[in-house]
Amino acid sequence: MLTLLNILLVVPAIALLVVTVVLAAEIVASFGETPPPPPRARGRIGVVIPAHNERDIVAATVAAVRADLRDIDRIIVVADNCDDDTAALAGPAGADAIERQDRTQCGKGYALQFGVDHLRHDPPETVVFIDADCRPAPGAILRIAERAAFLQRPVQALYLMNPPGDSDAKSAVSAFAWLLMNRVRMAGLQKLSGATRLTGAGMAFPWALIKDVALGVDEIVEDLALTIAMVEAGAPPFLDLGAHVTSELASTEKGAATQRARWEWGSLRMAVRKVPALFSRGLKGDGKALALAFDIAVPPLTVLGAALASTLVLAAIAGLAGSIGPLRLVSWSTFLFVLSVGVAWAAYGREVLPVAALKSVGGYILGKARVYGADGRKSASRWTRTERGDGE
């Protein structure tokens with residue numbers, strides 16, 4: 001009986017130790033930043049902005065993007081399955097507005113494909129994707145476009161989520177979780193492997209690279225699918241920490257749950273589907289694919305923390321029966337998890353998540369019940385627009 005208990009606990013204990021070591025390694029490596037490549041005299045830039053019922057913000061986004069561009073550059077707003085006047089408001093702000101209506105193919109990937117196809121008759125040198133609800137910092141669009149032209153690889157801006165002005169402390173916890181993934185872990189992954197993830201907004205591609213990529217796919221996490229496609233194509237993304245793009249977290253509980261469910265469920269499904277093939281590719285000599293496989297295998301922090309806690313309890317019970325090995329493994333994993341996340345918070349997150357807001361971590365974790373319950377699974381089974389405020 002003891003041997004069987006050991007086998008049942010040792011396998012998950014080893015798996016948890018591996019993913020926790022990967023998490024810790026990325027956090028430690030994030031302190032050694034990769035210097036950005038030099039800019040290159042760039043040709044024309046085409047910016048594609050997918051927008052679904054974004055009448056309240058699309059003009060401001062277009063204006064912010066236009067400030068970085070020249071007259072010969074183009075901004076394409078794809079008004080995707082809109083029921084409002086998004087397209088009518090995008091044009092006067094300085095964009096070419098095109099409308100797409102297809103209720104059978106919903107999702108950001110289809111909108112991006114529609115925009116790229118629209119550019120084919122007069123293609124730019126570089127294409128930039130940015131969401132309608134995002135704001136690029138001054139110079140960010142130009143910076144990532146120039147570096148993508150130099151590297152002939154995708155370049156990802158630092159994309160962060162800010163709590164809305166009237167948010168509670170749980171939004172600060174969520175903002176820190178985004179920071180940990182998009183700033184800390186992605187920078188660490190790049191330092192370790194020379195590649196990083198794409199995050200869906202604020203990303204630039206050489207035209208020769210993006211023109212033949214199938215963007216119109218039914219993926220909830222299209223950014224992660226595109227990351228894998230780029231790594232497999234031998235053009236791994238580069239993270240430019242000097243170019244900033246920001247957006248706001250949802251201001252309602254329902255919107256926040258939808259936002260998190262789409263990412264977390266989508267990431268878990270992608271890991272199950274894609275990690276084995278990436279590992280296989282990595283074992284054949286592709287180090288970037290191997291590093292990405294390990295990175296994707298790390299589950300969302302709440303899932304990892306819950307797995308560590310539950311396995312620790314079971315291992316402690318087994319320890320009372322004399323099976324000490326699993327308890328030692330999980331104890332080390334738990335210690336490493338708490339230490340590494342604590343270091344990341346101390347180094348990067350105290351402004352986003354002040355000490356006074358730490359008391360809301362428990363409420364944030366309890367709120368994940370909605371993400372992983374029936375509502376979360378349902379919203380993550382298809383593309384769902386994030387509810388940003390009352391009545392939206």
# chains A, B, ... in the order shown; residues from 1 in each chain; ligands from 1
>>> select_by_dssp(residues="stretch 226-378 of chain A", states="strand (DSSP E or B)", output="list in words")
Phe238, Leu239, Asp240, Leu241, Gly242, Ala243, His244, Val245, Thr246, Ser247 and Glu248 of chain A
>>> residues_around(residues="stretch 224-234 of chain A", least_positions_apart="6", cutoff="12 Å", atoms="only C-alpha atoms", output="PyMOL selection string")
chain A and resi 109+112+152-156+193-201+203+205-206+209-210+212-218+263-264+266-271+273-275+277-282+286-293+295-296
>>> closest_residue(among="A:Leu327, A:Ala344, A:Ile27, A:Ile14", to="A:Gln190", atoms="only C-alpha atoms")
A:Ile27
>>> atom_distance(atom1="atom CA of A:Ile141", atom2="atom CA of A:Ser30")
23.5 Å
>>> atom_distance(atom1="atom CA of A:Ile45", atom2="atom CA of A:Val127")
5.9 Å
>>> closest_residue(among="A:Leu69, A:Ala175, A:Leu301, A:Leu119", to="A:Lys211", atoms="only C-alpha atoms")
A:Leu119
>>> closest_residue(among="A:Ala41, A:Ala235, A:Ile365, A:Leu17", to="A:Ala306", atoms="only C-alpha atoms")
A:Ile365
>>> select_by_dssp(residues="stretch 8-152 of chain A", states="alpha helix (DSSP H)", output="number ranges by chain")
A: 8-29, 58-66, 86-90, 108-119, 140-151
>>> residues_around(residues="A:Gly32", least_positions_apart="6", cutoff="10 Å", atoms="only C-alpha atoms", output="PyMOL selection string")
chain A and resi 187-188+190-192
>>> write_last_selection(atoms="all heavy atoms", output="mmCIF file, in the first residue's frame")
data_model
loop_
_atom_site.group_PDB
_atom_site.id
_atom_site.type_symbol
_atom_site.label_atom_id
_atom_site.label_comp_id
_atom_site.auth_asym_id
_atom_site.auth_seq_id
_atom_site.Cartn_x
_atom_site.Cartn_y
_atom_site.Cartn_z
ATOM 1 N N ALA A 187 10.421 38.314 -19.958
ATOM 2 C CA ALA A 187 11.799 38.792 -20.035
ATOM 3 C C ALA A 187 12.770 37.687 -19.633
ATOM 4 O O ALA A 187 13.846 37.536 -20.224
ATOM 5 C CB ALA A 187 11.980 40.019 -19.139
ATOM 6 N N GLY A 188 12.396 36.911 -18.606
ATOM 7 C CA GLY A 188 13.248 35.807 -18.192
ATOM 8 C C GLY A 188 13.358 34.724 -19.243
ATOM 9 O O GLY A 188 14.442 34.185 -19.496
ATOM 10 N N GLN A 190 13.096 35.150 -22.414
ATOM 11 C CA GLN A 190 13.956 35.657 -23.489
ATOM 12 C C GLN A 190 15.430 35.584 -23.105
ATOM 13 O O GLN A 190 16.273 35.223 -23.936
ATOM 14 C CB GLN A 190 13.575 37.105 -23.803
ATOM 15 C CG GLN A 190 14.448 37.748 -24.871
ATOM 16 C CD GLN A 190 13.770 38.930 -25.504
ATOM 17 O OE1 GLN A 190 12.914 38.786 -26.367
ATOM 18 N NE2 GLN A 190 14.135 40.119 -25.076
ATOM 19 N N LYS A 191 15.745 35.925 -21.870
ATOM 20 C CA LYS A 191 17.137 35.874 -21.435
ATOM 21 C C LYS A 191 17.666 34.441 -21.454
ATOM 22 O O LYS A 191 18.826 34.197 -21.807
ATOM 23 C CB LYS A 191 17.256 36.454 -20.025
ATOM 24 C CG LYS A 191 18.695 36.641 -19.557
ATOM 25 C CD LYS A 191 19.405 37.694 -20.385
ATOM 26 C CE LYS A 191 20.826 37.924 -19.877
ATOM 27 N NZ LYS A 191 21.558 38.915 -20.707
ATOM 28 N N LEU A 192 16.815 33.495 -21.109
ATOM 29 C CA LEU A 192 17.232 32.088 -21.055
ATOM 30 C C LEU A 192 17.336 31.454 -22.436
ATOM 31 O O LEU A 192 18.197 30.600 -22.671
ATOM 32 C CB LEU A 192 16.247 31.289 -20.200
ATOM 33 C CG LEU A 192 16.248 31.579 -18.699
ATOM 34 C CD1 LEU A 192 15.056 30.903 -18.034
ATOM 35 C CD2 LEU A 192 17.554 31.118 -18.058
#
>>> residues_around(residues="A:Tyr159", least_positions_apart="2", cutoff="6 Å", atoms="only C-alpha atoms", output="PyMOL selection string")
chain A and resi 157+245-246
>>> atom_distance(atom1="atom CA of A:Ala24", atom2="atom CA of A:Ile7")
25.8 Å
>>> closest_atom_pairs(of="stretch 114-167 of chain A", to="stretch 75-94 of chain A", cutoff="9 Å", atoms="only C-alpha atoms", output="CSV")
residue,atom,partner,partner_atom,distance
A:Phe114,CA,A:Val78,CA,7.4
A:Gly115,CA,A:Val78,CA,6.2
A:His118,CA,A:Ile76,CA,8.4
A:Leu119,CA,A:Ile76,CA,8.6
A:Ala132,CA,A:Val77,CA,8.4
